[in-house]
file entry-v5.txt (compact mmCIF, C-alpha atoms)
# COMPACT_ATOMS: atom_id res chain seq x y z
CA GLN T 1 -55.77 70.77 184.05
CA LYS T 2 -54.97 68.75 187.17
CA GLU T 3 -51.33 69.92 187.17
CA THR T 4 -52.04 73.55 186.20
CA PRO T 5 -55.57 74.53 187.26
CA TRP T 6 -54.69 78.20 186.73
CA LEU T 7 -54.40 77.69 182.96
CA GLU T 8 -57.44 78.40 180.78
CA TYR T 9 -57.65 75.60 178.23
CA GLN T 10 -59.43 75.62 174.90
CA ARG T 11 -59.38 72.58 172.62
CA PHE T 12 -58.36 73.20 169.00
CA SER T 13 -59.05 70.40 166.52
CA ALA T 14 -56.04 69.33 164.48
CA SER T 15 -55.96 69.24 160.69
CA ASP T 16 -56.59 65.77 159.30
CA GLY T 17 -55.46 65.30 155.72
CA LYS T 18 -57.71 62.26 155.40
CA SER T 19 -60.87 64.30 155.93
CA MET T 20 -59.83 67.69 154.53
CA VAL T 21 -57.70 69.17 151.79
CA ILE T 22 -54.55 70.87 153.06
CA PRO T 23 -53.79 73.68 150.55
CA GLU T 24 -50.35 73.48 148.94
CA GLU T 25 -50.17 77.28 149.02
CA GLU T 26 -50.19 77.00 152.82
CA ILE T 27 -48.16 73.81 153.42
CA CYS T 28 -45.72 72.47 150.84
CA THR T 29 -45.63 68.83 149.80
CA VAL T 30 -41.87 68.74 149.10
CA TRP T 31 -39.11 70.33 151.17
CA ASN T 32 -35.33 70.46 150.90
CA THR T 33 -32.86 69.45 153.61
CA ARG T 34 -30.19 72.09 152.86
CA ARG T 35 -31.23 74.38 155.73
CA LYS T 36 -31.60 71.66 158.33
CA ALA T 37 -28.28 70.11 157.32
CA ASN T 38 -26.46 73.02 158.95
CA TYR T 39 -27.79 71.84 162.33
CA GLY T 40 -29.07 68.28 161.86
CA ASP T 41 -27.19 65.04 162.39
CA TYR T 42 -26.28 63.80 158.92
CA ASP T 43 -23.14 61.84 159.78
CA GLU T 44 -22.83 58.50 158.04
CA TRP T 45 -20.40 55.62 157.65
CA VAL T 46 -18.94 55.26 154.16
CA PHE T 47 -16.66 52.63 152.66
CA ASP T 48 -13.00 53.51 153.16
CA THR T 49 -11.54 51.45 150.34
CA PRO T 50 -9.19 53.64 148.24
CA GLY T 51 -9.00 52.53 144.63
CA ALA T 52 -12.19 50.48 144.82
CA GLU T 53 -15.43 51.46 143.10
CA ARG T 54 -17.37 51.60 146.36
CA ASP T 55 -14.88 53.92 148.09
CA GLY T 56 -16.76 56.82 149.68
CA THR T 57 -20.21 55.34 149.09
CA PRO T 58 -22.62 55.13 152.05
CA TRP T 59 -22.72 52.03 154.21
CA ARG T 60 -24.88 53.00 157.19
CA TRP T 61 -25.98 56.06 159.14
CA LYS T 62 -24.23 56.89 162.39
CA GLY T 63 -26.25 55.21 165.12
CA GLU T 64 -27.05 52.18 162.98
CA GLU T 65 -23.80 50.37 163.74
CA PRO T 66 -24.17 46.61 164.39
CA ALA T 67 -24.48 45.70 168.07
CA SER T 68 -21.89 43.48 169.72
CA ASP T 69 -24.29 40.52 169.54
CA ASP T 70 -25.20 41.05 165.87
CA LYS T 71 -25.30 37.67 164.15
CA GLU T 72 -24.12 38.93 160.77
CA TRP T 73 -21.68 41.78 161.33
CA SER T 74 -18.75 42.61 163.57
CA PHE T 75 -18.06 46.32 164.06
CA VAL T 76 -14.80 47.29 165.75
CA MET T 77 -14.00 50.96 166.30
CA ASP T 78 -10.43 52.09 165.69
CA GLU T 79 -8.70 52.61 169.05
CA ASN T 80 -6.99 55.78 167.84
CA ASN T 81 -9.73 57.23 165.65
CA CYS T 82 -13.41 57.26 166.62
CA ASP T 83 -14.31 58.14 163.03
CA ALA T 84 -12.91 54.88 161.64
CA ALA T 85 -13.88 51.23 162.09
CA LEU T 86 -13.27 47.72 160.81
CA VAL T 87 -16.32 45.76 159.66
CA THR T 88 -16.39 41.99 159.20
CA ASN T 89 -19.15 39.81 157.82
CA LYS T 90 -19.28 36.91 160.29
CA VAL T 91 -20.67 34.56 157.66
CA THR T 92 -18.49 35.29 154.60
CA LYS T 93 -15.51 36.66 156.58
CA ASP T 94 -15.43 39.61 154.17
CA THR T 95 -13.63 42.52 155.88
CA PHE T 96 -13.57 46.19 154.99
CA ARG T 97 -12.94 49.56 156.60
CA VAL T 98 -15.42 52.41 157.00
CA LYS T 99 -15.06 56.03 158.05
CA LYS T 100 -17.56 58.50 159.47
CA VAL T 101 -18.20 61.61 157.39
CA PHE T 102 -20.84 64.30 156.99
CA ALA T 103 -23.34 63.46 154.23
CA GLU T 104 -22.68 66.64 152.26
CA ARG T 105 -25.37 65.84 149.67
CA TYR T 106 -27.99 66.77 152.30
CA ARG T 107 -26.55 70.30 152.47
CA THR T 108 -25.26 70.86 148.95
CA PRO T 109 -27.46 70.93 146.97
CA GLY T 110 -29.77 69.44 149.60
CA ARG T 111 -32.15 66.55 149.17
CA ASP T 112 -35.80 66.97 148.23
CA GLN T 113 -38.05 65.06 150.62
CA ARG T 114 -41.77 64.49 150.30
CA MET T 115 -43.40 65.63 153.54
CA SER T 116 -45.36 62.87 155.25
CA GLY T 117 -49.11 63.20 155.67
CA GLY T 118 -48.68 63.53 159.42
CA GLU T 119 -46.10 66.29 159.02
CA ARG T 120 -48.39 68.26 156.70
CA GLY T 121 -51.32 67.85 159.08
CA CYS T 122 -49.20 68.94 162.04
CA ALA T 123 -47.81 71.94 160.16
CA HIS T 124 -51.28 72.99 159.03
CA SER T 125 -52.65 72.68 162.56
CA HIS T 126 -50.01 75.05 163.89
CA ARG T 127 -50.46 77.44 160.97
CA ARG T 128 -54.20 77.61 161.67
CA LEU T 129 -53.43 78.28 165.32
CA TRP T 130 -51.12 81.13 164.35
CA GLU T 131 -54.05 82.69 162.51
CA VAL T 132 -56.00 82.66 165.77
CA VAL T 133 -53.07 83.97 167.83
CA ALA T 134 -52.42 86.77 165.31
CA GLN T 135 -55.84 88.24 166.14
CA ARG T 136 -55.21 88.29 169.89
CA SER T 137 -53.58 90.94 172.04
CA GLU T 138 -51.72 88.59 174.41
CA PRO T 139 -49.36 85.61 173.97
CA THR T 140 -50.89 82.14 173.63
CA MET T 141 -49.60 78.83 175.02
CA VAL T 142 -49.78 76.05 172.42
CA LEU T 143 -49.90 72.47 173.71
CA GLU T 144 -50.03 69.39 171.50
CA ASP T 145 -52.33 66.59 172.60
CA ASP T 146 -49.50 64.32 173.82
CA VAL T 147 -47.87 66.89 176.08
CA GLN T 148 -47.23 66.09 179.73
CA PHE T 149 -46.21 68.28 182.64
CA ARG T 150 -45.40 65.40 184.96
CA PHE T 151 -42.26 63.54 183.92
CA GLU T 152 -38.87 62.52 185.30
CA ALA T 153 -36.44 65.42 185.58
CA SER T 154 -33.26 65.41 183.49
CA GLU T 155 -31.35 65.32 186.78
CA PRO T 156 -32.60 62.17 188.59
CA LYS T 157 -31.82 63.63 192.01
CA LEU T 158 -34.53 66.24 191.42
CA GLY T 159 -37.23 63.60 191.08
CA TRP T 160 -40.21 64.47 188.90
CA ASN T 161 -41.27 67.67 187.19
CA ASP T 162 -44.92 68.51 187.76
CA GLY T 163 -47.39 71.36 187.63
CA ARG T 164 -45.72 73.18 190.50
CA VAL T 165 -42.31 73.00 188.84
CA PHE T 166 -43.91 74.07 185.55
CA THR T 167 -45.54 77.12 187.13
CA ASP T 168 -42.55 78.22 189.20
CA ARG T 169 -40.03 77.77 186.40
CA LEU T 170 -42.23 79.50 183.83
CA THR T 171 -42.69 82.44 186.19
CA LEU T 172 -38.92 82.75 186.56
CA ALA T 173 -38.38 82.42 182.80
CA LEU T 174 -40.84 85.22 182.06
CA ARG T 175 -38.95 87.47 184.47
CA GLU T 176 -35.60 86.66 182.85
CA ALA T 177 -36.68 86.72 179.19
CA PRO T 178 -36.02 89.92 177.24
CA ARG T 179 -39.08 92.11 176.83
CA ASP T 180 -39.19 91.56 173.06
CA TRP T 181 -39.26 87.74 173.13
CA GLU T 182 -41.52 86.12 170.53
CA VAL T 183 -41.43 82.36 171.18
CA LEU T 184 -40.75 80.45 174.40
CA TYR T 185 -40.23 76.71 173.95
CA LEU T 186 -41.48 74.87 177.05
CA GLY T 187 -40.30 71.48 175.74
CA TRP T 188 -37.37 71.24 173.31
CA SER T 189 -34.36 69.40 171.95
CA GLY T 190 -31.41 70.79 170.06
CA TRP T 191 -29.05 73.74 169.99
CA ARG T 192 -29.56 76.53 172.54
CA GLY T 193 -27.66 78.76 174.93
CA GLY T 194 -25.00 76.76 176.75
CA ASN T 195 -24.88 74.28 173.87
CA TYR T 196 -24.73 76.18 170.60
CA CYS T 197 -23.89 74.72 167.22
CA ILE T 198 -22.61 77.88 165.50
CA LEU T 199 -23.29 80.84 167.81
CA GLU T 200 -20.68 81.80 170.39
CA GLU T 201 -22.76 84.00 172.68
CA LYS T 202 -22.73 83.68 176.47
CA CYS T 203 -25.88 82.84 178.43
CA HIS T 204 -26.19 83.63 182.12
CA ALA T 205 -29.92 83.32 182.80
CA LYS T 206 -31.13 80.47 185.00
CA ALA T 207 -34.47 79.56 183.44
CA VAL T 208 -34.33 80.84 179.87
CA ARG T 209 -31.75 80.42 177.11
CA LYS T 210 -31.61 81.67 173.55
CA ALA T 211 -32.78 79.10 171.00
CA GLU T 212 -30.38 78.65 168.10
CA TYR T 213 -32.05 75.70 166.38
CA VAL T 214 -34.38 73.49 168.43
CA TRP T 215 -36.90 70.83 167.49
CA THR T 216 -40.37 69.78 168.65
CA THR T 217 -43.51 71.91 168.93
CA VAL T 218 -45.07 69.94 171.78
CA ALA T 219 -45.37 73.05 173.97
CA TYR T 220 -44.52 76.69 173.32
CA ILE T 221 -45.76 80.21 173.96
CA ILE T 222 -46.06 82.53 170.98
CA THR T 223 -46.82 86.23 170.75
CA PRO T 224 -49.28 87.73 168.26
CA GLU T 225 -46.37 89.55 166.59
CA ALA T 226 -44.51 86.27 166.08
CA ALA T 227 -47.65 84.59 164.72
CA ARG T 228 -48.13 87.34 162.16
CA LYS T 229 -44.48 87.18 161.22
CA LEU T 230 -44.59 83.40 160.64
CA LEU T 231 -47.82 83.61 158.66
CA ALA T 232 -46.28 86.20 156.35
CA ILE T 233 -43.40 83.82 155.61
CA ALA T 234 -45.39 80.57 155.46
CA ARG T 235 -46.68 81.04 151.91
CA PRO T 236 -46.28 78.13 151.83
CA MET T 237 -44.56 76.69 154.90
CA ASP T 238 -41.65 75.03 153.13
CA GLN T 239 -40.40 72.69 155.89
CA PRO T 240 -41.94 70.60 158.68
CA VAL T 241 -43.22 73.06 161.27
CA ASP T 242 -40.49 72.60 163.89
CA GLU T 243 -37.78 72.93 161.22
CA PHE T 244 -39.54 76.01 159.84
CA MET T 245 -39.64 77.76 163.21
CA ALA T 246 -36.09 76.65 164.08
CA TRP T 247 -34.68 78.02 160.83
CA GLU T 248 -36.27 81.43 161.34
CA ALA T 249 -34.80 81.55 164.85
CA SER T 250 -31.36 80.52 163.62
CA GLN T 251 -31.40 83.37 161.09
CA GLY T 252 -32.28 85.92 163.76
CA ARG T 253 -35.72 86.61 162.33
CA LEU T 254 -37.64 85.03 165.24
CA LYS T 255 -36.67 85.87 168.82
CA SER T 256 -36.96 82.38 170.29
CA PHE T 257 -35.89 81.07 173.69
CA VAL T 258 -36.09 77.78 175.56
CA VAL T 259 -37.32 77.46 179.13
CA THR T 260 -35.07 75.19 181.14
CA SER T 261 -35.80 72.98 184.10
CA GLU T 262 -33.48 73.12 187.10
CA GLY T 263 -31.55 70.03 186.01
CA ASP T 264 -31.05 71.08 182.39
CA GLY T 265 -27.30 71.60 182.32
CA ASP T 266 -25.30 72.55 179.24
CA ASP T 267 -24.80 68.87 178.45
CA VAL T 268 -28.55 68.18 178.19
CA TRP T 269 -29.76 67.80 174.59
CA ALA T 270 -33.49 67.71 175.31
CA GLY T 271 -35.18 69.41 178.24
CA GLY T 272 -37.69 71.96 179.42
CA ILE T 273 -40.69 72.06 181.73
CA ALA T 274 -42.98 70.06 179.41
CA ALA T 275 -42.37 66.80 177.57
CA GLN T 276 -43.86 64.68 174.83
CA ASN T 277 -45.33 61.39 175.95
CA ASP T 278 -43.20 58.53 174.55
CA PHE T 279 -41.20 60.64 172.09
CA ILE T 280 -39.14 57.75 170.71
CA GLY T 281 -42.16 55.48 170.36
CA ASP T 282 -44.40 58.16 168.86
CA SER T 283 -45.78 56.77 165.60
CA ASP T 284 -48.51 59.33 164.93
CA ILE T 285 -46.29 61.37 162.63
CA GLN T 286 -43.74 59.81 160.33
CA LYS T 287 -40.61 61.93 159.97
CA SER T 288 -39.61 62.45 156.35
CA ASP T 289 -35.99 63.02 157.38
CA GLY T 290 -35.82 59.83 159.46
CA GLY T 291 -35.91 61.56 162.82
CA MET T 292 -35.19 59.95 166.17
CA GLN T 293 -37.98 57.43 165.62
CA GLY T 294 -35.98 55.68 162.92
CA ASP T 295 -38.31 56.36 160.00
CA SER T 296 -36.66 55.84 156.62
CA CYS T 297 -35.64 59.12 154.98
CA ASP T 298 -35.03 57.21 151.74
CA SER T 299 -38.70 56.25 151.51
CA PHE T 300 -39.63 59.96 151.40
CA ALA T 301 -36.92 60.99 148.92
CA VAL T 302 -38.21 62.59 145.72

call {"tool": "encode", "arguments": {"input": "entry-v5.txt", "output": "structure tokens"}}
result
Amino acid sequence: QKETPWLEYQRFSASDGKSMVIPEEEICTVWNTRRKANYGDYDEWVFDTPGAERDGTPWRWKGEEPASDDKEWSFVMDENNCDAALVTNKVTKDTFRVKKVFAERYRTPGRDQRMSGGERGCAHSHRRLWEVVAQRSEPTMVLEDDVQFRFEASEPKLGWNDGRVFTDRLTLALREAPRDWEVLYLGWSGWRGGNYCILEEKCHAKAVRKAEYVWTTVAYIITPEAARKLLAIARPMDQPVDEFMAWEASQGRLKSFVVTSEGDGDDVWAGGIAAQNDFIGDSDIQKSDGGMQGDSCDSFAV
């Protein structure tokens, strides 16, 4: 309220699975990764040992490579191939090669994951909000409780984003957005205009870009038409809420766009005019697919 006094706020209590029953006909308990795998990061290191029994079996996920000061393992990337490496156990001196590949099992046939309690509560909270929005005549801005409008800009030279930047940039985005937009992501990460995964369209707008597949629901604006559309499909919601909305956008069934800050160039993965407080350290909601927080996807596997 300090940063945007012009906004009319109304608190909406979140769904708490510990104190209420979340209906399975509204939010599923098990979801499959096959849709997300088209856009998610499922690269892994596998043993590259032709003729051996362990050839092609998983060793570690990309991003979990041993650090240079690791006491047990040495990991040396191939100078001529960034998808290959030599691994040595510093204690036993055992040496083997690994290669980086896409974990196809997450796409075909997909892996069934049990949604975490936090994910189900979050999804149900947003679904309940859509029921409210669907009855309104104007779009509604949805803000999660850990949203912040004041944060360091993606381009350090621009300093800090704040309520003024939020207001000015949102005003510009609303002017640039097509008249039939349905969702505007104010904070986001993932694939969007200027950095598509599959789409090859051109984007020329300054403050708004088409969303192909973006994550996080920390802050977005949704129209009543979009809310009704999502509610009609969410019977039940069969993915975590951000994956659910992202998939509908990627299939062209939800006209979604991201609002960019001035420093959000095409090389920026996560941006916008709102941010989540301590995204990496957020422990309120465990991610059943592992996520950026490093939760174990194996512990949620069915």

call {"tool": "atom_distance", "arguments": {"input": "entry-v5.txt", "atom1": "atom CA of Ala84 of chain T", "atom2": "atom CA of Lys71 of chain T"}}
result
21.4 Å

call {"tool": "closest_residue", "arguments": {"input": "entry-v5.txt", "among": "T:Thr140, T:Ser250, T:Ser288, T:Ser19", "to": "Tyr220 of chain T", "atoms": "all atoms listed in the file"}}
result
T:Thr140

call {"tool": "closest_residue", "arguments": {"input": "entry-v5.txt", "among": "T:Asn277, T:Ser256, T:Asn81, T:Thr217", "to": "Val241 of chain T", "atoms": "all atoms listed in the file"}}
result
T:Thr217

call {"tool": "closest_residue", "arguments": {"input": "entry-v5.txt", "among": "T:Ala14, T:Met77, T:Ala249, T:Ala103", "to": "Thr33 of chain T", "atoms": "all atoms listed in the file"}}
result
T:Ala103

call {"tool": "closest_residue", "arguments": {"input": "entry-v5.txt", "among": "T:Glu201, T:Glu225, T:Glu119, T:Glu64", "to": "Gln135 of chain T", "atoms": "only C-alpha atoms"}}
result
T:Glu225

call {"tool": "atom_distance", "arguments": {"input": "entry-v5.txt", "atom1": "atom CA of Thr216 of chain T", "atom2": "atom CA of Trp188 of chain T"}}
result
5.7 Å

call {"tool": "atom_distance", "arguments": {"input": "entry-v5.txt", "atom1": "atom CA of Glu176 of chain T", "atom2": "atom CA of Val142 of chain T"}}
result
20.6 Å

call {"tool": "residues_around", "arguments": {"input": "entry-v5.txt", "residues": "Phe166 of chain T", "least_positions_apart": "2", "cutoff": "10 Å", "atoms": "all atoms listed in the file", "output": "compact mmCIF listing (two decimals) with C-alpha atoms, keeping the file's coordinate frame"}}
result
# COMPACT_ATOMS: atom_id res chain seq x y z
CA GLU T 3 -51.33 69.92 187.17
CA THR T 4 -52.04 73.55 186.20
CA PHE T 149 -46.21 68.28 182.64
CA ARG T 150 -45.40 65.40 184.96
CA ASN T 161 -41.27 67.67 187.19
CA ASP T 162 -44.92 68.51 187.76
CA GLY T 163 -47.39 71.36 187.63
CA ARG T 164 -45.72 73.18 190.50
CA ASP T 168 -42.55 78.22 189.20
CA ARG T 169 -40.03 77.77 186.40
CA LEU T 170 -42.23 79.50 183.83
CA THR T 171 -42.69 82.44 186.19
CA LEU T 186 -41.48 74.87 177.05
CA VAL T 259 -37.32 77.46 179.13
CA THR T 260 -35.07 75.19 181.14
CA SER T 261 -35.80 72.98 184.10
CA GLY T 272 -37.69 71.96 179.42
CA ILE T 273 -40.69 72.06 181.73
CA ALA T 274 -42.98 70.06 179.41

call {"tool": "residues_around", "arguments": {"input": "entry-v5.txt", "residues": "Arg11 of chain T", "least_positions_apart": "4", "cutoff": "10 Å", "atoms": "all atoms listed in the file", "output": "list in words"}}
result
Leu143, Glu144 and Asp145 of chain T

call {"tool": "write_last_selection", "arguments": {"input": "entry-v5.txt", "atoms": "C-alpha atoms", "output": "PDB file, in the coordinates of the input"}}
result
ATOM      1  CA  LEU T 143     -49.900  72.470 173.710  1.00  0.00           C
ATOM      2  CA  GLU T 144     -50.030  69.390 171.500  1.00  0.00           C
ATOM      3  CA  ASP T 145     -52.330  66.590 172.600  1.00  0.00           C
TER       4      ASP T 145
END

call {"tool": "closest_residue", "arguments": {"input": "entry-v5.txt", "among": "T:Ala37, T:Ala52, T:Leu172, T:Met141", "to": "Arg105 of chain T", "atoms": "all atoms listed in the file"}}
result
T:Ala37

call {"tool": "residues_around", "arguments": {"input": "entry-v5.txt", "residues": "His204 of chain T", "least_positions_apart": "3", "cutoff": "12 Å", "atoms": "all atoms listed in the file", "output": "list in words"}}
result
Glu176, Ala177, Gly193, Gly194, Glu201, Ala207, Val208, Arg209, Lys210 and Asp266 of chain T

call {"tool": "write_last_selection", "arguments": {"input": "entry-v5.txt", "atoms": "C-alpha atoms", "output": "short mmCIF file (atom, residue, chain, number, x, y, z; two decimals), in the frame of the given file"}}
result
data_model
loop_
_atom_site.label_atom_id
_atom_site.label_comp_id
_atom_site.auth_asym_id
_atom_site.auth_seq_id
_atom_site.Cartn_x
_atom_site.Cartn_y
_atom_site.Cartn_z
CA GLU T 176 -35.60 86.66 182.85
CA ALA T 177 -36.68 86.72 179.19
CA GLY T 193 -27.66 78.76 174.93
CA GLY T 194 -25.00 76.76 176.75
CA GLU T 201 -22.76 84.00 172.68
CA ALA T 207 -34.47 79.56 183.44
CA VAL T 208 -34.33 80.84 179.87
CA ARG T 209 -31.75 80.42 177.11
CA LYS T 210 -31.61 81.67 173.55
CA ASP T 266 -25.30 72.55 179.24
#

call {"tool": "axis_aligned_box", "arguments": {"input": "entry-v5.txt", "around": "segment 100-115 of chain T", "padding_each_side": "6 Å", "output": "lines of an AutoDock Vina configuration file"}}
result
center_x = -30.5
center_y = 64.7
center_z = 153.2
size_x = 37.8
size_y = 24.4
size_z = 24.5

call {"tool": "closest_residue", "arguments": {"input": "entry-v5.txt", "among": "T:Ala246, T:Lys90, T:Glu26, T:Val165", "to": "Ala232 of chain T", "atoms": "only C-alpha atoms"}}
result
T:Glu26

call {"tool": "residues_around", "arguments": {"input": "entry-v5.txt", "residues": "Ser116 of chain T", "least_positions_apart": "2", "cutoff": "10 Å", "atoms": "only C-alpha atoms", "output": "ChimeraX atom specification"}}
result
/T:29-30,113-114,118-122,240,285-289,300

call {"tool": "residues_around", "arguments": {"input": "entry-v5.txt", "residues": "Glu138 of chain T", "least_positions_apart": "4", "cutoff": "12 Å", "atoms": "all atoms listed in the file", "output": "VMD selection string"}}
result
chain T and resid 132 to 134 182 221 to 227

call {"tool": "build_atoms", "arguments": {"input": "entry-v5.txt", "residues": "segment 59-81 of chain T", "atoms": "N, CA, C and O atoms", "output": "PDB file, keeping the file's coordinate frame"}}
result
ATOM      1  N   TRP T  59     -22.481  53.365 153.680  1.00  0.00           N
ATOM      2  CA  TRP T  59     -22.720  52.030 154.210  1.00  0.00           C
ATOM      3  C   TRP T  59     -23.903  52.066 155.175  1.00  0.00           C
ATOM      4  O   TRP T  59     -24.920  51.449 154.942  1.00  0.00           O
ATOM      5  N   ARG T  60     -23.784  52.840 156.244  1.00  0.00           N
ATOM      6  CA  ARG T  60     -24.880  53.000 157.190  1.00  0.00           C
ATOM      7  C   ARG T  60     -24.808  54.378 157.842  1.00  0.00           C
ATOM      8  O   ARG T  60     -23.749  55.006 157.877  1.00  0.00           O
ATOM      9  N   TRP T  61     -25.956  54.820 158.381  1.00  0.00           N
ATOM     10  CA  TRP T  61     -25.980  56.060 159.140  1.00  0.00           C
ATOM     11  C   TRP T  61     -25.300  55.862 160.488  1.00  0.00           C
ATOM     12  O   TRP T  61     -25.301  54.747 161.023  1.00  0.00           O
ATOM     13  N   LYS T  62     -24.731  56.927 161.022  1.00  0.00           N
ATOM     14  CA  LYS T  62     -24.230  56.890 162.390  1.00  0.00           C
ATOM     15  C   LYS T  62     -25.401  56.558 163.318  1.00  0.00           C
ATOM     16  O   LYS T  62     -26.498  57.092 163.172  1.00  0.00           O
ATOM     17  N   GLY T  63     -25.177  55.651 164.236  1.00  0.00           N
ATOM     18  CA  GLY T  63     -26.250  55.210 165.120  1.00  0.00           C
ATOM     19  C   GLY T  63     -26.865  53.896 164.690  1.00  0.00           C
ATOM     20  O   GLY T  63     -27.631  53.284 165.433  1.00  0.00           O
ATOM     21  N   GLU T  64     -26.534  53.460 163.475  1.00  0.00           N
ATOM     22  CA  GLU T  64     -27.050  52.180 162.980  1.00  0.00           C
ATOM     23  C   GLU T  64     -25.950  51.124 162.929  1.00  0.00           C
ATOM     24  O   GLU T  64     -26.068  50.120 162.224  1.00  0.00           O
ATOM     25  N   GLU T  65     -24.890  51.335 163.701  1.00  0.00           N
ATOM     26  CA  GLU T  65     -23.800  50.370 163.740  1.00  0.00           C
ATOM     27  C   GLU T  65     -24.285  49.033 164.326  1.00  0.00           C
ATOM     28  O   GLU T  65     -25.142  49.026 165.208  1.00  0.00           O
ATOM     29  N   PRO T  66     -23.764  47.913 163.852  1.00  0.00           N
ATOM     30  CA  PRO T  66     -24.170  46.610 164.390  1.00  0.00           C
ATOM     31  C   PRO T  66     -23.831  46.510 165.875  1.00  0.00           C
ATOM     32  O   PRO T  66     -22.780  46.974 166.319  1.00  0.00           O
ATOM     33  N   ALA T  67     -24.720  45.912 166.642  1.00  0.00           N
ATOM     34  CA  ALA T  67     -24.480  45.700 168.070  1.00  0.00           C
ATOM     35  C   ALA T  67     -23.454  44.583 168.253  1.00  0.00           C
ATOM     36  O   ALA T  67     -23.158  43.819 167.331  1.00  0.00           O
ATOM     37  N   SER T  68     -22.921  44.480 169.457  1.00  0.00           N
ATOM     38  CA  SER T  68     -21.890  43.480 169.720  1.00  0.00           C
ATOM     39  C   SER T  68     -22.402  42.056 169.536  1.00  0.00           C
ATOM     40  O   SER T  68     -21.629  41.140 169.228  1.00  0.00           O
ATOM     41  N   ASP T  69     -23.723  41.856 169.695  1.00  0.00           N
ATOM     42  CA  ASP T  69     -24.290  40.520 169.540  1.00  0.00           C
ATOM     43  C   ASP T  69     -24.941  40.314 168.179  1.00  0.00           C
ATOM     44  O   ASP T  69     -25.699  39.357 167.981  1.00  0.00           O
ATOM     45  N   ASP T  70     -24.644  41.202 167.227  1.00  0.00           N
ATOM     46  CA  ASP T  70     -25.200  41.050 165.870  1.00  0.00           C
ATOM     47  C   ASP T  70     -24.716  39.741 165.259  1.00  0.00           C
ATOM     48  O   ASP T  70     -23.529  39.405 165.329  1.00  0.00           O
ATOM     49  N   LYS T  71     -25.639  39.000 164.682  1.00  0.00           N
ATOM     50  CA  LYS T  71     -25.300  37.670 164.150  1.00  0.00           C
ATOM     51  C   LYS T  71     -24.583  37.722 162.814  1.00  0.00           C
ATOM     52  O   LYS T  71     -23.925  36.755 162.421  1.00  0.00           O
ATOM     53  N   GLU T  72     -24.712  38.853 162.112  1.00  0.00           N
ATOM     54  CA  GLU T  72     -24.120  38.930 160.770  1.00  0.00           C
ATOM     55  C   GLU T  72     -22.846  39.752 160.702  1.00  0.00           C
ATOM     56  O   GLU T  72     -21.909  39.387 159.997  1.00  0.00           O
ATOM     57  N   TRP T  73     -22.793  40.850 161.469  1.00  0.00           N
ATOM     58  CA  TRP T  73     -21.680  41.780 161.330  1.00  0.00           C
ATOM     59  C   TRP T  73     -20.910  41.973 162.635  1.00  0.00           C
ATOM     60  O   TRP T  73     -21.476  41.970 163.707  1.00  0.00           O
ATOM     61  N   SER T  74     -19.614  42.181 162.466  1.00  0.00           N
ATOM     62  CA  SER T  74     -18.750  42.610 163.570  1.00  0.00           C
ATOM     63  C   SER T  74     -18.301  44.025 163.265  1.00  0.00           C
ATOM     64  O   SER T  74     -17.857  44.315 162.142  1.00  0.00           O
ATOM     65  N   PHE T  75     -18.424  44.909 164.255  1.00  0.00           N
ATOM     66  CA  PHE T  75     -18.060  46.320 164.060  1.00  0.00           C
ATOM     67  C   PHE T  75     -17.093  46.713 165.153  1.00  0.00           C
ATOM     68  O   PHE T  75     -17.450  46.776 166.333  1.00  0.00           O
ATOM     69  N   VAL T  76     -15.838  46.983 164.779  1.00  0.00           N
ATOM     70  CA  VAL T  76     -14.800  47.290 165.750  1.00  0.00           C
ATOM     71  C   VAL T  76     -14.253  48.692 165.492  1.00  0.00           C
ATOM     72  O   VAL T  76     -13.652  48.951 164.444  1.00  0.00           O
ATOM     73  N   MET T  77     -14.466  49.585 166.447  1.00  0.00           N
ATOM     74  CA  MET T  77     -14.000  50.960 166.300  1.00  0.00           C
ATOM     75  C   MET T  77     -12.486  51.018 166.421  1.00  0.00           C
ATOM     76  O   MET T  77     -11.875  50.289 167.207  1.00  0.00           O
ATOM     77  N   ASP T  78     -11.870  51.880 165.632  1.00  0.00           N
ATOM     78  CA  ASP T  78     -10.430  52.090 165.690  1.00  0.00           C
ATOM     79  C   ASP T  78     -10.072  52.694 167.047  1.00  0.00           C
ATOM     80  O   ASP T  78     -10.683  53.667 167.492  1.00  0.00           O
ATOM     81  N   GLU T  79      -9.083  52.147 167.720  1.00  0.00           N
ATOM     82  CA  GLU T  79      -8.700  52.610 169.050  1.00  0.00           C
ATOM     83  C   GLU T  79      -8.181  54.045 169.033  1.00  0.00           C
ATOM     84  O   GLU T  79      -8.312  54.768 170.021  1.00  0.00           O
ATOM     85  N   ASN T  80      -7.603  54.455 167.929  1.00  0.00           N
ATOM     86  CA  ASN T  80      -6.990  55.780 167.840  1.00  0.00           C
ATOM     87  C   ASN T  80      -7.807  56.789 167.045  1.00  0.00           C
ATOM     88  O   ASN T  80      -7.421  57.955 166.946  1.00  0.00           O
ATOM     89  N   ASN T  81      -8.927  56.346 166.481  1.00  0.00           N
ATOM     90  CA  ASN T  81      -9.730  57.230 165.650  1.00  0.00           C
ATOM     91  C   ASN T  81     -11.193  56.812 165.734  1.00  0.00           C
ATOM     92  O   ASN T  81     -11.586  55.789 165.173  1.00  0.00           O
TER      93      ASN T  81
END
